[in-house]
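Reproduced below: work_7.txt, with compact mmCIF, C-alpha atoms.
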```
# COMPACT_ATOMS: atom_id res chain seq x y z
CA MET A 140 -58.64 29.06 47.26
CA ILE A 141 -58.33 28.45 43.51
CA ASP A 142 -58.95 24.89 42.36
CA ALA A 143 -56.89 23.08 39.74
CA ASP A 144 -59.30 23.81 36.89
CA ASN A 145 -59.37 27.53 37.65
CA GLN A 146 -55.59 27.59 37.80
CA GLY A 147 -55.58 25.85 34.43
CA ASP A 148 -57.98 28.46 33.05
CA ALA A 149 -55.64 31.22 34.19
CA LYS A 150 -52.64 29.52 32.57
CA MET A 151 -54.54 29.02 29.33
CA LYS A 152 -55.61 32.67 29.33
CA ASP A 153 -52.03 33.81 29.95
CA LYS A 154 -50.77 31.62 27.12
CA ILE A 155 -53.37 32.96 24.70
CA ILE A 156 -52.61 36.55 25.76
CA LYS A 157 -48.92 35.97 25.07
CA LEU A 158 -49.80 34.67 21.64
CA THR A 159 -51.92 37.70 20.83
CA GLU A 160 -49.11 39.99 21.92
CA GLN A 161 -46.69 38.13 19.68
CA GLU A 162 -49.08 38.19 16.74
CA LYS A 163 -49.89 41.91 16.84
CA ILE A 164 -49.98 43.29 13.33
CA ALA A 165 -49.39 46.70 11.86
CA GLU A 166 -52.53 48.83 11.84
CA ASN A 167 -51.59 50.59 8.61
CA GLU A 168 -53.23 48.65 5.80
CA TYR A 169 -51.43 48.03 2.57
CA ASN A 170 -52.76 50.53 0.04
CA LEU A 171 -50.85 50.84 -3.20
CA GLU A 172 -52.83 53.82 -4.46
CA GLU A 173 -52.03 55.96 -1.40
CA MET A 174 -48.29 55.32 -1.52
CA ASN A 175 -46.25 58.34 -2.60
CA VAL A 176 -43.68 57.00 -5.05
CA SER A 177 -42.92 60.23 -6.90
CA GLN A 178 -39.25 60.91 -7.58
CA LEU A 179 -38.30 57.35 -6.70
CA THR A 180 -36.25 55.03 -8.86
CA PRO A 181 -37.92 51.85 -10.18
CA LEU A 182 -35.97 49.78 -7.64
CA GLN A 183 -37.04 52.08 -4.80
CA ILE A 184 -40.66 51.86 -5.95
CA LEU A 185 -40.44 48.07 -6.00
CA GLU A 186 -38.90 48.10 -2.53
CA LYS A 187 -41.56 50.39 -1.08
CA GLN A 188 -44.61 48.96 -2.84
CA PHE A 189 -43.86 45.24 -2.65
CA ILE A 190 -40.66 44.06 -0.99
CA GLN A 191 -41.11 45.81 2.36
CA PRO A 192 -44.88 45.11 2.73
CA LEU A 193 -44.55 41.47 1.67
CA THR A 194 -41.60 40.97 4.03
CA LYS A 195 -43.72 42.27 6.91
CA MET A 196 -46.65 40.06 5.90
CA THR A 197 -44.35 37.04 5.72
CA GLN A 198 -43.15 37.69 9.27
CA ASN A 199 -46.74 37.90 10.49
CA PHE A 200 -47.64 34.64 8.75
CA HIS A 201 -44.60 32.95 10.32
CA ASN A 202 -46.00 33.87 13.74
CA PHE A 203 -49.42 32.59 12.71
CA MET A 204 -47.98 29.27 11.52
CA ALA A 205 -46.00 28.94 14.76
CA MET A 206 -49.24 29.24 16.71
CA ILE A 207 -50.98 26.64 14.53
CA GLU A 208 -48.07 24.20 14.83
CA LYS A 209 -48.09 24.64 18.60
CA VAL A 210 -51.79 23.98 19.22
CA ILE A 211 -52.72 21.25 16.69
CA ASP A 212 -52.25 17.56 17.51
CA TRP A 213 -50.47 16.53 14.31
CA ASP A 214 -50.32 12.83 15.23
CA LYS A 215 -54.09 12.79 15.64
CA LEU A 216 -54.49 14.57 12.32
CA GLU A 217 -52.19 12.21 10.42
CA ASN A 218 -53.44 8.97 11.96
CA GLU A 219 -57.15 9.63 12.55
CA ARG A 220 -57.89 12.65 10.32
CA GLU A 221 -59.17 14.62 13.32
CA TYR A 222 -58.34 18.23 14.12
CA MET A 223 -57.65 18.31 17.86
CA ILE A 224 -55.72 20.51 20.28
CA THR A 225 -52.52 18.78 21.32
CA PRO A 226 -52.63 17.88 25.04
CA SER A 227 -49.11 19.25 25.58
CA TYR A 228 -50.42 22.75 24.81
CA ASP A 229 -52.39 22.99 28.05
CA GLY A 230 -51.68 21.68 31.55
CA VAL A 231 -55.29 20.68 32.19
CA LEU A 232 -55.41 18.72 28.92
CA VAL A 233 -52.19 16.94 29.90
CA LYS A 234 -53.78 15.85 33.18
CA LEU A 235 -57.04 14.71 31.58
CA ASP A 236 -55.22 12.93 28.75
CA LYS A 237 -53.14 11.02 31.29
CA GLN A 238 -56.29 9.94 33.14
CA ILE A 239 -57.93 8.76 29.91
CA LYS A 240 -54.87 6.68 29.01
CA GLU A 241 -54.73 5.15 32.49
CA ILE A 242 -58.39 4.12 32.27
CA ALA A 243 -57.85 2.75 28.76
CA ALA A 244 -55.00 0.62 30.12
CA GLU A 245 -57.27 -0.78 32.85
CA MET A 246 -59.92 -1.58 30.25
CA GLY A 247 -57.26 -3.33 28.22
CA LYS A 248 -56.47 -5.57 31.19
CA ILE A 249 -60.12 -6.62 31.43
CA ARG A 250 -60.22 -7.36 27.71
CA HIS A 251 -57.00 -9.34 27.94
CA GLN A 252 -58.34 -11.32 30.91
CA MET A 253 -61.53 -12.32 29.09
CA ASN A 254 -59.60 -13.11 25.95
CA ARG A 255 -57.25 -15.36 27.89
CA GLU A 256 -60.14 -17.17 29.58
CA LEU A 257 -61.81 -17.82 26.23
CA GLY A 258 -58.63 -18.79 24.41
CA GLY A 259 -58.87 -16.02 21.86
CA GLU A 260 -56.20 -14.64 19.52
CA SER A 261 -54.65 -18.05 19.02
CA GLY A 262 -54.25 -19.43 15.54
CA LYS A 263 -57.11 -18.22 13.37
CA LYS A 264 -59.49 -17.50 16.23
CA LYS A 265 -60.71 -13.96 16.49
CA GLY A 266 -60.26 -12.52 19.94
CA VAL A 267 -62.20 -10.25 22.26
CA THR A 268 -62.16 -6.54 21.42
CA LEU A 269 -63.11 -3.35 23.22
CA ALA A 270 -65.84 -1.36 21.50
CA PHE A 271 -68.00 1.67 22.21
CA LYS A 272 -71.70 2.27 21.69
CA THR A 273 -73.69 5.16 23.07
CA ALA A 274 -76.25 2.78 24.56
CA TYR A 275 -73.69 0.59 26.37
CA GLY A 276 -70.60 2.73 26.71
CA TRP A 277 -67.32 0.82 26.49
CA HIS A 278 -67.90 -2.94 26.38
CA LEU A 279 -66.40 -6.27 25.32
CA LYS A 280 -67.21 -7.64 21.89
CA THR A 281 -66.79 -11.34 21.12
CA PRO A 282 -67.49 -13.44 18.00
CA SER A 283 -70.99 -14.88 18.26
CA ALA A 284 -69.86 -18.20 16.79
CA ARG A 285 -68.06 -18.99 20.00
CA GLY A 286 -70.42 -20.36 22.64
CA PHE A 287 -69.66 -19.35 26.19
CA ALA A 288 -71.67 -21.84 28.22
CA ASN A 289 -69.12 -21.82 31.02
CA ILE A 290 -68.37 -18.11 30.97
CA SER A 291 -67.86 -16.46 34.35
CA PRO A 292 -70.99 -14.81 35.80
CA ASN A 293 -68.84 -11.71 36.19
CA TYR A 294 -69.40 -11.09 32.47
CA ILE A 295 -72.81 -9.53 31.91
CA LYS A 296 -74.38 -10.07 28.51
CA LEU A 297 -75.58 -6.82 26.96
CA SER A 298 -76.72 -7.85 23.51
CA ILE A 299 -76.59 -10.68 20.98
CA LEU A 300 -75.92 -9.53 17.44
CA LYS A 301 -75.66 -11.44 14.19
CA SER A 302 -71.88 -11.54 14.21
CA SER A 303 -70.99 -10.82 17.82
CA ILE A 304 -72.04 -10.83 21.46
CA LEU A 305 -71.57 -7.79 23.68
CA TYR A 306 -70.53 -8.11 27.32
CA THR A 307 -69.54 -5.90 30.20
CA THR A 308 -68.41 -6.33 33.79
CA PRO A 309 -69.05 -4.19 36.87
CA ASP A 310 -65.47 -2.92 36.76
CA LEU A 311 -65.62 -2.20 33.04
CA SER A 312 -68.94 -0.41 33.43
CA ASN A 313 -67.48 1.84 36.13
CA LEU A 314 -64.37 2.53 34.06
CA SER A 315 -66.54 3.33 31.04
CA ASN A 316 -68.58 5.87 32.99
CA GLU A 317 -65.43 7.42 34.43
CA ARG A 318 -63.78 7.61 31.02
CA GLN A 319 -66.81 9.23 29.40
CA ALA A 320 -66.97 11.83 32.18
CA ILE A 321 -63.30 12.70 31.72
CA VAL A 322 -63.67 12.79 27.92
CA SER A 323 -66.53 15.27 28.35
CA LYS A 324 -64.27 17.51 30.44
CA TYR A 325 -61.50 17.08 27.88
CA ASN A 326 -63.77 18.09 25.00
CA ALA A 327 -65.11 21.09 26.93
CA ARG A 328 -61.55 22.20 27.64
CA GLN A 329 -60.64 21.83 23.99
CA GLU A 330 -63.62 23.92 22.94
CA ALA A 331 -62.53 26.71 25.29
CA ILE A 332 -59.01 26.68 23.84
CA VAL A 333 -60.33 26.58 20.26
CA LYS A 334 -62.47 29.63 21.00
CA LYS A 335 -59.41 31.54 22.22
CA VAL A 336 -57.34 30.42 19.23
CA ILE A 337 -60.09 31.57 16.85
CA GLU A 338 -60.01 34.99 18.51
CA VAL A 339 -56.29 35.18 17.78
CA THR A 340 -56.82 33.92 14.23
CA THR A 341 -59.33 36.66 13.45
CA SER A 342 -56.63 39.25 14.18
CA TYR A 343 -54.98 38.09 10.96
CA THR A 344 -57.89 39.23 8.81
CA SER A 345 -56.11 42.45 7.86
CA VAL A 346 -52.87 40.59 7.11
CA ILE A 347 -54.71 38.24 4.75
CA SER A 348 -56.57 41.15 3.15
CA ASN A 349 -53.34 43.08 2.66
CA ALA A 350 -51.64 40.03 1.17
CA ILE A 351 -54.50 39.54 -1.29
CA GLN A 352 -54.28 43.16 -2.40
CA ALA A 353 -50.49 43.09 -2.72
CA PHE A 354 -50.41 39.86 -4.73
CA SER A 355 -53.28 41.06 -6.93
CA GLN A 356 -51.34 44.19 -7.82
CA LEU A 357 -48.17 42.20 -8.32
CA ASP A 358 -49.99 39.73 -10.57
CA ILE A 359 -51.17 42.58 -12.80
CA PHE A 360 -47.69 44.07 -13.14
CA LEU A 361 -46.15 40.66 -13.80
CA SER A 362 -48.73 40.01 -16.51
CA PHE A 363 -47.85 43.32 -18.17
CA ALA A 364 -44.16 42.49 -17.87
CA HIS A 365 -44.68 39.05 -19.40
CA VAL A 366 -46.65 40.46 -22.34
CA ALA A 367 -44.03 43.17 -22.91
CA SER A 368 -41.11 40.75 -22.77
CA CYS A 369 -42.80 38.33 -25.19
CA ALA A 370 -44.06 40.98 -27.63
CA PRO A 371 -42.89 40.60 -31.27
CA GLN A 372 -41.83 44.24 -31.33
CA VAL A 373 -40.80 46.93 -28.88
CA PHE A 374 -43.53 49.19 -27.54
CA PHE A 375 -42.79 52.75 -26.49
CA PHE A 376 -44.92 54.63 -23.99
```
What does the file become when written as structure tokens?
Amino acid sequence: MIDADNQGDAKMKDKIIKLTEQEKIAENEYNLEEMNVSQLTPLQILEKQFIQPLTKMTQNFHNFMAMIEKVIDWDKLENEREYMITPSYDGVLVKLDKQIKEIAAEMGKIRHQMNRELGGESGKKKGVTLAFKTAYGWHLKTPSARGFANISPNYIKLSILKSSILYTTPDLSNLSNERQAIVSKYNARQEAIVKKVIEVTTSYTSVISNAIQAFSQLDIFLSFAHVASCAPQVFFF
């Protein structure tokens, strides 16, 4: 019997394989010097040496961009400046992302409960926040200026800092451990997908190399054309 993760691995593999099939590129490299352009008109030479090859390269790059747009989490990139795989790209990521959000919501309830008990976020008072430290995991952070002599024993003091006091609860501690475990699975899954995407990306090496060669040649001819068109007198060859 195949478990959910293995099924997800198979789906991811199938999706990557489909991408590589879509992104297959012509094996014949662009080589201007080996092109036979004898007895061709200038327009035919331009068509054969530049228009057709560059059109093919453009199509390949469109496929490449489609893959990039499909796998990158653009919201994460714009808001947090992080390059991440979008959860919607992979079924396993969707499941893990949903679990992380559900746990985050439960943590938010604990934060809200403590904040309500301490009368935070009213007027100019600074309220309770959720924070993360490697040593404590996810925990509650409160302003140190507020004394909590009558605080519920359910809140366990972790540390007293200059500007804040750190607390946790048994439920929050369990949720923190669960969230970190799921995040580890999420990151491992992302790394596996990134590895597959990089394999696909490397198949574009020849496309990029061909494009560099084509544009280099075109740049030279355009430079000659510019000099000739701007020359003070006509040159005959």
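Polymer residues near (-45.8, 46.2, -3.4): counting all atoms listed in the file with a cut-off of 9 Å, they are A:Tyr169, A:Asn170, A:Leu171, A:Ile184, A:Leu185, A:Glu186, A:Lys187, A:Gln188, A:Phe189, A:Ile190, A:Gln191, A:Pro192, A:Leu193, A:Ala353, A:Phe354, A:Gln356, A:Leu357.
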Compile a residue-level contact table for stretch 180-253 of chain A against stretch 327-341 of chain A at a cut-off of 8 Å, reporting for every qualifying residue the shortest atom pair and its distance in Å to one decimal, with all atoms listed in the file counted, rows ordered by chain and ascending number, as CSV.
```
residue,atom,partner,partner_atom,distance
A:Phe203,CA,A:Thr340,CA,7.7
A:Met223,CA,A:Gln329,CA,7.7
A:Ile224,CA,A:Gln329,CA,6.3
A:Val231,CA,A:Arg328,CA,7.9
A:Leu232,CA,A:Arg328,CA,7.2
```
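With only C-alpha atoms as the atoms that count, the minimum distance from A:Ser312 to the choices A:Leu297, A:Gly266, A:Gly276, A:Lys324 is reached by A:Gly276.
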Give one line per residue of stretch 268-375 of chain A that approaches stretch 234-250 of chain A to at most 12 Å, naming the two atoms of the closest pair and their distance in Å to one decimal, counting all atoms listed in the file; sort by chain then ascending residue number and deliver it as JSON lines.
```
{"residue": "A:Thr268", "atom": "CA", "partner": "A:Arg250", "partner_atom": "CA", "distance": 6.6}
{"residue": "A:Leu269", "atom": "CA", "partner": "A:Arg250", "partner_atom": "CA", "distance": 6.7}
{"residue": "A:Ala270", "atom": "CA", "partner": "A:Arg250", "partner_atom": "CA", "distance": 10.3}
{"residue": "A:Phe271", "atom": "CA", "partner": "A:Met246", "partner_atom": "CA", "distance": 11.9}
{"residue": "A:Trp277", "atom": "CA", "partner": "A:Met246", "partner_atom": "CA", "distance": 8.6}
{"residue": "A:His278", "atom": "CA", "partner": "A:Arg250", "partner_atom": "CA", "distance": 9.0}
{"residue": "A:Leu279", "atom": "CA", "partner": "A:Arg250", "partner_atom": "CA", "distance": 6.7}
{"residue": "A:Lys280", "atom": "CA", "partner": "A:Arg250", "partner_atom": "CA", "distance": 9.1}
{"residue": "A:Thr281", "atom": "CA", "partner": "A:Arg250", "partner_atom": "CA", "distance": 10.1}
{"residue": "A:Asn293", "atom": "CA", "partner": "A:Ile249", "partner_atom": "CA", "distance": 11.2}
{"residue": "A:Tyr294", "atom": "CA", "partner": "A:Ile249", "partner_atom": "CA", "distance": 10.4}
{"residue": "A:Tyr306", "atom": "CA", "partner": "A:Arg250", "partner_atom": "CA", "distance": 10.3}
{"residue": "A:Thr307", "atom": "CA", "partner": "A:Ile249", "partner_atom": "CA", "distance": 9.5}
{"residue": "A:Thr308", "atom": "CA", "partner": "A:Ile249", "partner_atom": "CA", "distance": 8.6}
{"residue": "A:Pro309", "atom": "CA", "partner": "A:Ile249", "partner_atom": "CA", "distance": 10.7}
{"residue": "A:Asp310", "atom": "CA", "partner": "A:Ile249", "partner_atom": "CA", "distance": 8.4}
{"residue": "A:Leu311", "atom": "CA", "partner": "A:Met246", "partner_atom": "CA", "distance": 6.4}
{"residue": "A:Ser312", "atom": "CA", "partner": "A:Met246", "partner_atom": "CA", "distance": 9.6}
{"residue": "A:Asn313", "atom": "CA", "partner": "A:Ile242", "partner_atom": "CA", "distance": 10.1}
{"residue": "A:Leu314", "atom": "CA", "partner": "A:Ile242", "partner_atom": "CA", "distance": 6.4}
{"residue": "A:Ser315", "atom": "CA", "partner": "A:Met246", "partner_atom": "CA", "distance": 8.3}
{"residue": "A:Asn316", "atom": "CA", "partner": "A:Ile242", "partner_atom": "CA", "distance": 10.4}
{"residue": "A:Glu317", "atom": "CA", "partner": "A:Ile242", "partner_atom": "CA", "distance": 8.1}
{"residue": "A:Arg318", "atom": "CA", "partner": "A:Ile239", "partner_atom": "CA", "distance": 6.1}
{"residue": "A:Gln319", "atom": "CA", "partner": "A:Ile239", "partner_atom": "CA", "distance": 8.9}
{"residue": "A:Ala320", "atom": "CA", "partner": "A:Ile239", "partner_atom": "CA", "distance": 9.8}
{"residue": "A:Ile321", "atom": "CA", "partner": "A:Leu235", "partner_atom": "CA", "distance": 6.6}
{"residue": "A:Val322", "atom": "CA", "partner": "A:Ile239", "partner_atom": "CA", "distance": 7.3}
{"residue": "A:Ser323", "atom": "CA", "partner": "A:Leu235", "partner_atom": "CA", "distance": 10.0}
{"residue": "A:Lys324", "atom": "CA", "partner": "A:Leu235", "partner_atom": "CA", "distance": 7.8}
{"residue": "A:Tyr325", "atom": "CA", "partner": "A:Leu235", "partner_atom": "CA", "distance": 6.3}
{"residue": "A:Asn326", "atom": "CA", "partner": "A:Leu235", "partner_atom": "CA", "distance": 10.0}
{"residue": "A:Ala327", "atom": "CA", "partner": "A:Leu235", "partner_atom": "CA", "distance": 11.3}
{"residue": "A:Arg328", "atom": "CA", "partner": "A:Leu235", "partner_atom": "CA", "distance": 9.6}
{"residue": "A:Gln329", "atom": "CA", "partner": "A:Leu235", "partner_atom": "CA", "distance": 11.0}
```
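For the atom pair formed by atom CA of A:Lys215 and atom CA of A:Asp229, the distance is 16.2 Å, given to one decimal.
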- Query: At what distance in Å, to one decimal, does atom CA of A:Leu216 lie from atom CA of A:Val267?
  - Reply: 27.8 Å
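You will find atom CA of A:Thr273 at 23.4 Å from atom CA of A:Asn218.
Every protein or nucleic acid residue with an atom no more than 10 Å from A:Ile347, counting only C-alpha atoms and leaving out same-chain residues fewer than 4 positions away, appears here: A:Met196, A:Asn199, A:Phe200, A:Thr341, A:Ser342, A:Tyr343, A:Ile351, A:Gln352, A:Ala353.
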- Query: Need the neighbours of (-51.3, 19.4, 16.4): which residues are at most 12 Å away, counting all atoms listed in the file, as a list of chain:residue names?
  - Reply: A:Met204, A:Ala205, A:Met206, A:Ile207, A:Glu208, A:Lys209, A:Val210, A:Ile211, A:Asp212, A:Trp213, A:Asp214, A:Lys215, A:Leu216, A:Glu217, A:Asn218, A:Arg220, A:Glu221, A:Tyr222, A:Met223, A:Ile224, A:Thr225, A:Pro226, A:Ser227, A:Tyr228
- Item | 12 Å contact set for A:Ile290, only C-alpha atoms, chain neighbours under 6 positions out, as a ChimeraX atom specification | /A:253-258,296,306
